[in-house]
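A.B. asks: One structure coming up, written as structure tokens, with questions to follow.
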Amino acid sequence: FLAEPTETKTAEVPKAVLIPSAAVLKEGDASVVFVINNSKAERRVVTLTASQGEEVQVSTGLAAGEQVALGELKKLSDGAAVKIKEANQ
């Protein structure tokens, strides 16, 4: 039996970043995170593509290695000074 070659389409999966779902603030239809940059909060709109347990996949708006704020996100604003605490404190 000889199989005939078939055409297959492929799609490249964009690189994505996983972050805790607790780091995402919903503002209407937008998903927002606060990136910590030079001890200041930087508000970013992100695109979420999937969720996996307690984590969500971010496809745009965040780069691997960037730190995101956790905690009382509604109290943060763009440019607010932040103090970094280790996760176990």
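To be explicit about the labels: the chains of the structure tokens are called A, B, and onward in the order shown, and within each one the residues are counted from 1, while ligands get numbers from 1 in the order they are shown.
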Write out as a PyMOL selection string the residues lying within 12 Å of Ala81 of chain A, counting only C-alpha atoms and excluding same-chain residues fewer than 3 positions away.

C.D. replies: chain A and resi 34-42+69+75-78+84

A.B. asks: Using only C-alpha atoms, pick whichever of A:Gly79, A:Gly61, A:Lys85, A:Ser51 has the shortest atom-to-atom distance to Val33 of chain A.

C.D. replies: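 Going through A:Gly79, A:Gly61, A:Lys85, A:Ser51 one by one, the smallest distance to Val33 of chain A is for A:Gly61.
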
A.B. asks: Just the residues within 10 Å of Val56 of chain A, please, counting only C-alpha atoms, with nothing from its chain fewer than 4 positions along; format it as a list of chain:residue names.

C.D. replies: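 After dropping sequence-adjacent residues, the list is A:Ala16, A:Val17, A:Leu18, A:Ile19, A:Pro20, A:Ser21, A:Ala22, A:Ala23, A:Val24, A:Leu48, A:Thr49, A:Ala50, A:Ser51, A:Gln52.
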
A.B. asks: Go ahead and dump the residues you just picked, N, CA and C atoms, as a PDB file, in the first residue's frame.

C.D. replies:
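File again.pdb, as written:
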ATOM      1  N   ALA A  16       5.160  32.701  24.184  1.00  0.00           N
ATOM      2  CA  ALA A  16       4.283  33.300  25.178  1.00  0.00           C
ATOM      3  C   ALA A  16       4.934  33.192  26.553  1.00  0.00           C
ATOM      4  N   VAL A  17       4.412  33.950  27.476  1.00  0.00           N
ATOM      5  CA  VAL A  17       4.925  34.007  28.837  1.00  0.00           C
ATOM      6  C   VAL A  17       3.820  33.544  29.776  1.00  0.00           C
ATOM      7  N   LEU A  18       4.165  32.734  30.768  1.00  0.00           N
ATOM      8  CA  LEU A  18       3.200  32.318  31.790  1.00  0.00           C
ATOM      9  C   LEU A  18       3.410  33.155  33.042  1.00  0.00           C
ATOM     10  N   ILE A  19       2.306  33.685  33.580  1.00  0.00           N
ATOM     11  CA  ILE A  19       2.358  34.450  34.819  1.00  0.00           C
ATOM     12  C   ILE A  19       1.210  33.992  35.718  1.00  0.00           C
ATOM     13  N   PRO A  20       1.290  34.267  37.018  1.00  0.00           N
ATOM     14  CA  PRO A  20       0.162  33.920  37.895  1.00  0.00           C
ATOM     15  C   PRO A  20      -1.099  34.686  37.477  1.00  0.00           C
ATOM     16  N   SER A  21      -2.221  34.017  37.487  1.00  0.00           N
ATOM     17  CA  SER A  21      -3.474  34.695  37.117  1.00  0.00           C
ATOM     18  C   SER A  21      -3.783  35.838  38.081  1.00  0.00           C
ATOM     19  N   ALA A  22      -3.255  35.764  39.307  1.00  0.00           N
ATOM     20  CA  ALA A  22      -3.465  36.831  40.294  1.00  0.00           C
ATOM     21  C   ALA A  22      -2.763  38.126  39.908  1.00  0.00           C
ATOM     22  N   ALA A  23      -1.871  38.076  38.918  1.00  0.00           N
ATOM     23  CA  ALA A  23      -1.148  39.273  38.476  1.00  0.00           C
ATOM     24  C   ALA A  23      -1.937  40.067  37.432  1.00  0.00           C
ATOM     25  N   VAL A  24      -3.087  39.515  37.015  1.00  0.00           N
ATOM     26  CA  VAL A  24      -3.867  40.154  35.951  1.00  0.00           C
ATOM     27  C   VAL A  24      -5.076  40.869  36.543  1.00  0.00           C
ATOM     28  N   LEU A  48      -4.167  37.798  26.648  1.00  0.00           N
ATOM     29  CA  LEU A  48      -4.131  36.459  27.245  1.00  0.00           C
ATOM     30  C   LEU A  48      -4.629  35.462  26.217  1.00  0.00           C
ATOM     31  N   THR A  49      -3.920  34.338  26.095  1.00  0.00           N
ATOM     32  CA  THR A  49      -4.328  33.352  25.097  1.00  0.00           C
ATOM     33  C   THR A  49      -4.809  32.044  25.694  1.00  0.00           C
ATOM     34  N   ALA A  50      -4.417  31.755  26.914  1.00  0.00           N
ATOM     35  CA  ALA A  50      -4.829  30.492  27.531  1.00  0.00           C
ATOM     36  C   ALA A  50      -4.613  30.573  29.034  1.00  0.00           C
ATOM     37  N   SER A  51      -5.292  29.666  29.752  1.00  0.00           N
ATOM     38  CA  SER A  51      -5.026  29.555  31.178  1.00  0.00           C
ATOM     39  C   SER A  51      -4.675  28.115  31.478  1.00  0.00           C
ATOM     40  N   GLN A  52      -3.816  27.949  32.477  1.00  0.00           N
ATOM     41  CA  GLN A  52      -3.312  26.631  32.837  1.00  0.00           C
ATOM     42  C   GLN A  52      -3.211  26.592  34.347  1.00  0.00           C
TER      43      GLN A  52
END

A.B. asks: Kindly give the distance, in Å, that separates atom CA of Thr47 of chain A and atom CA of Ser31 of chain A, rounded to a single decimal.

C.D. replies: 6.7 Å

A.B. asks: Would you give me, as a PyMOL selection string, the residues in segment 30-82 of chain A that DSSP reads as strand (DSSP E)?

C.D. replies: chain A and resi 30-37+40-52+55-60+67-68

A.B. asks: Could you check the closest approach to Lys83 of chain A for each of A:Ala63, A:Val58, A:Val46, A:Leu70 and tell me which residue wins, using only C-alpha atoms?

C.D. replies: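 Smallest separation from Lys83 of chain A among the options: A:Leu70.
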